[in-house]
Amino acid sequence: MNGKYHIHTYGCQMNVHESEKIAGLLSSRGFSSCDEVSEADVIVMNTCCVRETAETKVLGHLGRIKSQKKKGAVLIVCGCMTQQKAVAEMLFKRCPFVDIILGTFNQRSVIEYIDTFLATGKRIVDIWDGDRDTNEVSCAVRDDNINAWVNIMYGCNNFCTYCIVPYVRGRERSRPIDEIVAEVNGLLDKGYKQITLLGQNVNSYDCGGKNFIDLLKILDCGREYRLKFMTSHPKDFSVELAEEIANSKVLSHNLHLPVQAGSNSVLKAMNRHYTREQYLDKIKAVRDAVPDIGLSSDVMVGFPTETEEDFIETLDLVEKVKYNNLFMFIYSRRSGTPADKMPQIDYKTKQERISRLIKTQFEISKNIALSFVGCELTVLTSEQKNGVFYGKAQNELAVSFTGEAAVGQFTKVKITSAKNANLTGEVVR
């Protein structure tokens, strides 16, 4: 094979890394990447279905691709959205210009599907109910030469009432620890300076008698790099994990711990398996163990049955924790989830509440950034533009700075000013 491919990715870091694997498979068969749909011989849309807006964007984008793709180009739609069989069937009927439709479990067979389509000319829709092939794709074409994503597990067993992930990603499946360690070491040998471990709930990692903390200890191997992980479920976060962050020489001093809501009644309706009090205790435990920890979280506004009092409790929790960064979302109905059948809140109320939350978090992030003026931070430099370097500190704060430095290296920077949540500094001589 030869020709060009174009991949468009929607959604989370898991999807980004799976697109890297698809790119690796296409590259191994002689294809090269291109930026324009009109130049591509193979077009892949790797979709998301966590929010309704993601599906709407995919359908809108497909309409544009129909007019842009050249004659003979193969159009593939895959991922979480099409793992829902009803959606895949709808797409097959409504979009006859889509040639191949796959789900989440069989994307690694994309080359075989292309071969079959080119040989027969018959459109393909094939959605597996589970993972039939556990072999990891080892030829990923990575989008970043500093950070590398590494899957440690797939799937989710939590069944939060708002979430479609367990239905489209399946049950939890952990990769063998030796495979993970070998992949990480190979990436470090290639010069990567940051490794991010991926899983729907990394705390649940369990394979061959080893758990997540065992894996983290093994990866603290005496080499200079930064190790991160996402996502960590609050119900499973432990004091032992907080202590490992404190003791490790490589773990980032940043923790993403999605709270989703600050009201116990809403948390129960979400099936989150913890209370606000338990969550705040875990925050205290990690702050006690790692005083300079940077915290981030996800908060959902407008979940069914959320009252004004419930929302005020969420605002109160956000003000108590003081997150460095907060990802804020309006609840989006997902067909097939229990929350879809609950009494819904009007959109105007959701908009008003999220505006208040954004305003609250903006002030918190701004004040946290200001508190670092005059401090020295170790920054992993990710890019340089017009003589200015950009990167992230150990606690994930964004830093721009001047002085002698190099992309992909750790640099000691003194913070001289802050604007909103961004820090500015200069290299420590």
# chains A, B, ... in the order shown; residues from 1 in each chain; ligands from 1
>>> select_by_dssp(residues="region 298-365 of chain A", states="alpha helix (DSSP H)", output="ChimeraX atom specification")
/A:308-321,347-365
>>> residues_around(residues="Ile124 (chain A)", least_positions_apart="2", cutoff="9 Å", atoms="only C-alpha atoms", output="PyMOL selection string")
chain A and resi 92+98-102+113+116-117+122+126
>>> residues_around(residues="region 193-207 of chain A", least_positions_apart="6", cutoff="9 Å", atoms="only C-alpha atoms", output="ChimeraX atom specification")
/A:13-14,145-158,165,172-177,184,187,213,215,224-233,236-238,241,380,408-410
>>> residues_around(residues="Ile354 (chain A)", least_positions_apart="3", cutoff="8 Å", atoms="only C-alpha atoms", output="PDB file with C-alpha atoms, in the first residue's frame")
ATOM      1  CA  VAL A 301     -23.317  21.067  36.573  1.00  0.00           C
ATOM      2  CA  MET A 328     -16.341  22.191  34.141  1.00  0.00           C
ATOM      3  CA  PHE A 329     -19.188  20.680  32.138  1.00  0.00           C
ATOM      4  CA  ILE A 330     -22.920  20.976  31.757  1.00  0.00           C
ATOM      5  CA  LYS A 350     -27.533  24.848  33.877  1.00  0.00           C
ATOM      6  CA  GLN A 351     -25.998  27.801  32.022  1.00  0.00           C
ATOM      7  CA  LEU A 357     -18.759  28.057  38.853  1.00  0.00           C
ATOM      8  CA  ILE A 358     -16.443  29.356  36.115  1.00  0.00           C
TER       9      ILE A 358
END
>>> closest_residue(among="A:His61, A:Arg334, A:Lys412, A:Lys85", to="Cys375 (chain A)", atoms="only C-alpha atoms")
A:Lys412
>>> residues_around(residues="Lys69 (chain A)", least_positions_apart="4", cutoff="6 Å", atoms="only C-alpha atoms", output="list of chain:residue names")
A:Val37, A:Ser38, A:Ile65
>>> atom_distance(atom1="CA of Glu36 (chain A)", atom2="CA of Lys93 (chain A)")
26.3 Å
>>> atom_distance(atom1="CA of Phe327 (chain A)", atom2="CA of Gly374 (chain A)")
27.5 Å
>>> closest_atom_pairs(of="region 260-333 of chain A", to="region 368-373 of chain A", cutoff="12 Å", atoms="only C-alpha atoms", output="CSV")
residue,atom,partner,partner_atom,distance
A:Asp292,CA,A:Phe372,CA,10.8
A:Ile293,CA,A:Ile368,CA,11.9
A:Gly294,CA,A:Ile368,CA,9.8
A:Leu295,CA,A:Ile368,CA,11.0
A:Val321,CA,A:Ile368,CA,11.7
A:Lys322,CA,A:Ile368,CA,8.2
A:Tyr323,CA,A:Ile368,CA,8.6
A:Asn324,CA,A:Ile368,CA,6.8
A:Asn325,CA,A:Ile368,CA,9.9
>>> write_last_selection(atoms="N, CA and C atoms", output="compact mmCIF listing (two decimals), in the first residue's frame")
# COMPACT_ATOMS: atom_id res chain seq x y z
N ASP A 292 3.08 20.51 48.20
CA ASP A 292 3.08 21.32 46.97
C ASP A 292 2.23 20.70 45.86
N ILE A 293 1.36 19.76 46.22
CA ILE A 293 0.55 19.08 45.20
C ILE A 293 -0.31 20.07 44.43
N GLY A 294 -0.37 19.89 43.12
CA GLY A 294 -1.30 20.63 42.27
C GLY A 294 -2.52 19.77 42.04
N LEU A 295 -3.70 20.31 42.24
CA LEU A 295 -4.93 19.52 42.14
C LEU A 295 -5.79 19.99 40.97
N VAL A 321 -11.40 23.19 48.45
CA VAL A 321 -10.26 22.45 47.89
C VAL A 321 -9.26 23.39 47.25
N LYS A 322 -9.73 24.39 46.52
CA LYS A 322 -8.89 25.33 45.78
C LYS A 322 -8.03 24.57 44.75
N TYR A 323 -8.71 24.15 43.69
CA TYR A 323 -8.05 23.44 42.61
C TYR A 323 -7.19 24.39 41.78
N ASN A 324 -6.05 23.88 41.33
CA ASN A 324 -5.26 24.64 40.35
C ASN A 324 -6.02 24.78 39.04
N ASN A 325 -6.70 23.70 38.68
CA ASN A 325 -7.39 23.67 37.39
C ASN A 325 -8.66 22.85 37.54
>>> atom_distance(atom1="CA of Phe303 (chain A)", atom2="CA of Asn367 (chain A)")
28.7 Å
>>> residues_around(residues="Glu319 (chain A)", least_positions_apart="4", cutoff="10 Å", atoms="only C-alpha atoms", output="PDB file with N, CA, C and O atoms, in the first residue's frame")
ATOM      1  N   GLU A 313     -23.483  23.587  47.461  1.00  0.00           N
ATOM      2  CA  GLU A 313     -22.539  22.675  48.098  1.00  0.00           C
ATOM      3  C   GLU A 313     -21.353  22.378  47.184  1.00  0.00           C
ATOM      4  O   GLU A 313     -20.216  22.234  47.649  1.00  0.00           O
ATOM      5  N   THR A 314     -21.603  22.282  45.889  1.00  0.00           N
ATOM      6  CA  THR A 314     -20.512  22.088  44.934  1.00  0.00           C
ATOM      7  C   THR A 314     -19.592  23.307  44.920  1.00  0.00           C
ATOM      8  O   THR A 314     -18.364  23.179  44.960  1.00  0.00           O
ATOM      9  N   LEU A 315     -20.177  24.499  44.868  1.00  0.00           N
ATOM     10  CA  LEU A 315     -19.372  25.719  44.926  1.00  0.00           C
ATOM     11  C   LEU A 315     -18.543  25.756  46.208  1.00  0.00           C
ATOM     12  O   LEU A 315     -17.356  26.122  46.190  1.00  0.00           O
ATOM     13  N   TYR A 323      -8.714  24.152  43.695  1.00  0.00           N
ATOM     14  CA  TYR A 323      -8.054  23.438  42.607  1.00  0.00           C
ATOM     15  C   TYR A 323      -7.188  24.385  41.780  1.00  0.00           C
ATOM     16  O   TYR A 323      -7.572  25.531  41.530  1.00  0.00           O
ATOM     17  N   LEU A 357     -19.881  28.942  38.539  1.00  0.00           N
ATOM     18  CA  LEU A 357     -18.759  28.057  38.853  1.00  0.00           C
ATOM     19  C   LEU A 357     -17.487  28.520  38.143  1.00  0.00           C
ATOM     20  O   LEU A 357     -16.405  28.550  38.746  1.00  0.00           O
ATOM     21  N   THR A 360     -16.073  31.504  39.928  1.00  0.00           N
ATOM     22  CA  THR A 360     -15.443  31.114  41.197  1.00  0.00           C
ATOM     23  C   THR A 360     -14.073  30.500  40.955  1.00  0.00           C
ATOM     24  O   THR A 360     -13.087  30.865  41.609  1.00  0.00           O
ATOM     25  N   GLN A 361     -13.990  29.566  40.006  1.00  0.00           N
ATOM     26  CA  GLN A 361     -12.716  28.892  39.743  1.00  0.00           C
ATOM     27  C   GLN A 361     -11.691  29.840  39.145  1.00  0.00           C
ATOM     28  O   GLN A 361     -10.489  29.720  39.428  1.00  0.00           O
ATOM     29  N   GLU A 363     -11.159  32.947  39.862  1.00  0.00           N
ATOM     30  CA  GLU A 363     -10.523  33.685  40.960  1.00  0.00           C
ATOM     31  C   GLU A 363      -9.564  32.788  41.738  1.00  0.00           C
ATOM     32  O   GLU A 363      -8.474  33.218  42.142  1.00  0.00           O
ATOM     33  N   ILE A 364      -9.953  31.537  41.947  1.00  0.00           N
ATOM     34  CA  ILE A 364      -9.088  30.597  42.673  1.00  0.00           C
ATOM     35  C   ILE A 364      -7.796  30.359  41.893  1.00  0.00           C
ATOM     36  O   ILE A 364      -6.690  30.442  42.451  1.00  0.00           O
TER      37      ILE A 364
END
>>> residues_around(residues="Val42 (chain A)", least_positions_apart="6", cutoff="9 Å", atoms="only C-alpha atoms", output="PyMOL selection string")
chain A and resi 3-7+26+31+73-76+114
>>> write_last_selection(atoms="N, CA, C and O atoms", output="mmCIF file, in the first residue's frame")
data_model
loop_
_atom_site.group_PDB
_atom_site.id
_atom_site.type_symbol
_atom_site.label_atom_id
_atom_site.label_comp_id
_atom_site.auth_asym_id
_atom_site.auth_seq_id
_atom_site.Cartn_x
_atom_site.Cartn_y
_atom_site.Cartn_z
ATOM 1 N N GLY A 3 0.177 5.885 -0.253
ATOM 2 C CA GLY A 3 -0.829 6.933 -0.266
ATOM 3 C C GLY A 3 -0.754 7.721 1.020
ATOM 4 O O GLY A 3 0.213 7.638 1.782
ATOM 5 N N LYS A 4 -1.799 8.495 1.303
ATOM 6 C CA LYS A 4 -1.811 9.363 2.472
ATOM 7 C C LYS A 4 -3.038 9.087 3.338
ATOM 8 O O LYS A 4 -4.081 8.653 2.842
ATOM 9 N N TYR A 5 -2.873 9.351 4.638
ATOM 10 C CA TYR A 5 -4.000 9.198 5.553
ATOM 11 C C TYR A 5 -4.211 10.486 6.340
ATOM 12 O O TYR A 5 -3.278 11.259 6.577
ATOM 13 N N HIS A 6 -5.454 10.691 6.753
ATOM 14 C CA HIS A 6 -5.819 11.832 7.594
ATOM 15 C C HIS A 6 -6.690 11.296 8.721
ATOM 16 O O HIS A 6 -7.687 10.610 8.479
ATOM 17 N N ILE A 7 -6.323 11.600 9.969
ATOM 18 C CA ILE A 7 -7.083 11.140 11.131
ATOM 19 C C ILE A 7 -7.593 12.343 11.906
ATOM 20 O O ILE A 7 -6.822 13.253 12.224
ATOM 21 N N LEU A 26 -1.314 2.311 9.881
ATOM 22 C CA LEU A 26 -1.342 2.799 8.497
ATOM 23 C C LEU A 26 0.069 3.087 7.990
ATOM 24 O O LEU A 26 0.409 2.771 6.841
ATOM 25 N N PHE A 31 1.523 4.107 4.248
ATOM 26 C CA PHE A 31 0.824 5.390 4.185
ATOM 27 C C PHE A 31 1.603 6.463 4.940
ATOM 28 O O PHE A 31 2.315 6.177 5.899
ATOM 29 N N ALA A 73 -11.219 7.653 -2.169
ATOM 30 C CA ALA A 73 -10.712 7.671 -0.797
ATOM 31 C C ALA A 73 -11.602 6.809 0.091
ATOM 32 O O ALA A 73 -12.821 6.764 -0.082
ATOM 33 N N VAL A 74 -10.987 6.112 1.048
ATOM 34 C CA VAL A 74 -11.707 5.247 1.980
ATOM 35 C C VAL A 74 -12.002 6.036 3.253
ATOM 36 O O VAL A 74 -11.087 6.556 3.890
ATOM 37 N N LEU A 75 -13.280 6.132 3.621
ATOM 38 C CA LEU A 75 -13.690 6.867 4.812
ATOM 39 C C LEU A 75 -14.092 5.882 5.915
ATOM 40 O O LEU A 75 -14.994 5.056 5.717
ATOM 41 N N ILE A 76 -13.420 5.982 7.057
ATOM 42 C CA ILE A 76 -13.649 5.081 8.186
ATOM 43 C C ILE A 76 -14.133 5.899 9.387
ATOM 44 O O ILE A 76 -13.531 6.923 9.723
ATOM 45 N N ILE A 114 -9.640 -2.391 5.609
ATOM 46 C CA ILE A 114 -9.353 -1.647 4.375
ATOM 47 C C ILE A 114 -9.095 -2.607 3.227
ATOM 48 O O ILE A 114 -9.605 -2.423 2.108
#
>>> select_by_dssp(residues="region 71-209 of chain A", states="strand (DSSP E or B)", output="list in words")
Val74, Leu75, Ile76, Val77, Cys78, Gly79, Ile100, Ile101, Leu102, Ile124, Val125, Asp126, Asn147, Ala148, Trp149, Val150, Asn151, Met153, Tyr154, Arg173, Ser174, Gln194, Ile195, Thr196, Leu197, Leu198, Asp206 and Cys207 of chain A
>>> write_last_selection(atoms="C-alpha atoms", output="compact mmCIF listing (two decimals), in the first residue's frame")
# COMPACT_ATOMS: atom_id res chain seq x y z
CA VAL A 74 -11.71 5.25 1.98
CA LEU A 75 -13.69 6.87 4.81
CA ILE A 76 -13.65 5.08 8.19
CA VAL A 77 -15.65 6.04 11.29
CA CYS A 78 -14.71 4.27 14.50
CA GLY A 79 -14.56 4.71 18.28
CA ILE A 100 -16.15 1.30 7.02
CA ILE A 101 -17.76 1.57 10.50
CA LEU A 102 -15.97 0.03 13.49
CA ILE A 124 -18.46 -2.69 6.14
CA VAL A 125 -20.10 -2.22 9.53
CA ASP A 126 -18.63 -4.48 12.23
CA ASN A 147 5.04 13.28 26.32
CA ALA A 148 4.03 9.71 25.49
CA TRP A 149 0.73 8.07 26.42
CA VAL A 150 0.89 4.49 27.72
CA ASN A 151 -2.23 2.41 28.33
CA MET A 153 -5.71 -0.81 31.42
CA TYR A 154 -8.95 -0.54 29.48
CA ARG A 173 -8.83 -5.23 31.62
CA SER A 174 -5.27 -4.63 32.87
CA GLN A 194 7.22 12.55 30.27
CA ILE A 195 5.13 9.37 30.40
CA THR A 196 1.40 9.52 31.11
CA LEU A 197 -0.25 6.27 32.19
CA LEU A 198 -3.81 5.92 30.91
CA ASP A 206 -4.55 -5.39 38.91
CA CYS A 207 -2.55 -7.91 36.93
>>> closest_residue(among="A:Gly63, A:Pro96, A:Pro338, A:Asp214", to="Asp178 (chain A)", atoms="only C-alpha atoms")
A:Asp214
>>> closest_residue(among="A:Glu179, A:Glu376, A:Asp133, A:Asp288", to="Ala242 (chain A)", atoms="only C-alpha atoms")
A:Asp288
>>> closest_residue(among="A:Thr120, A:Gln84, A:Thr378, A:Ser263", to="Lys392 (chain A)", atoms="only C-alpha atoms")
A:Thr378
>>> closest_residue(among="A:Ile43, A:Val181, A:Leu257, A:Glu20", to="Cys221 (chain A)", atoms="only C-alpha atoms")
A:Val181
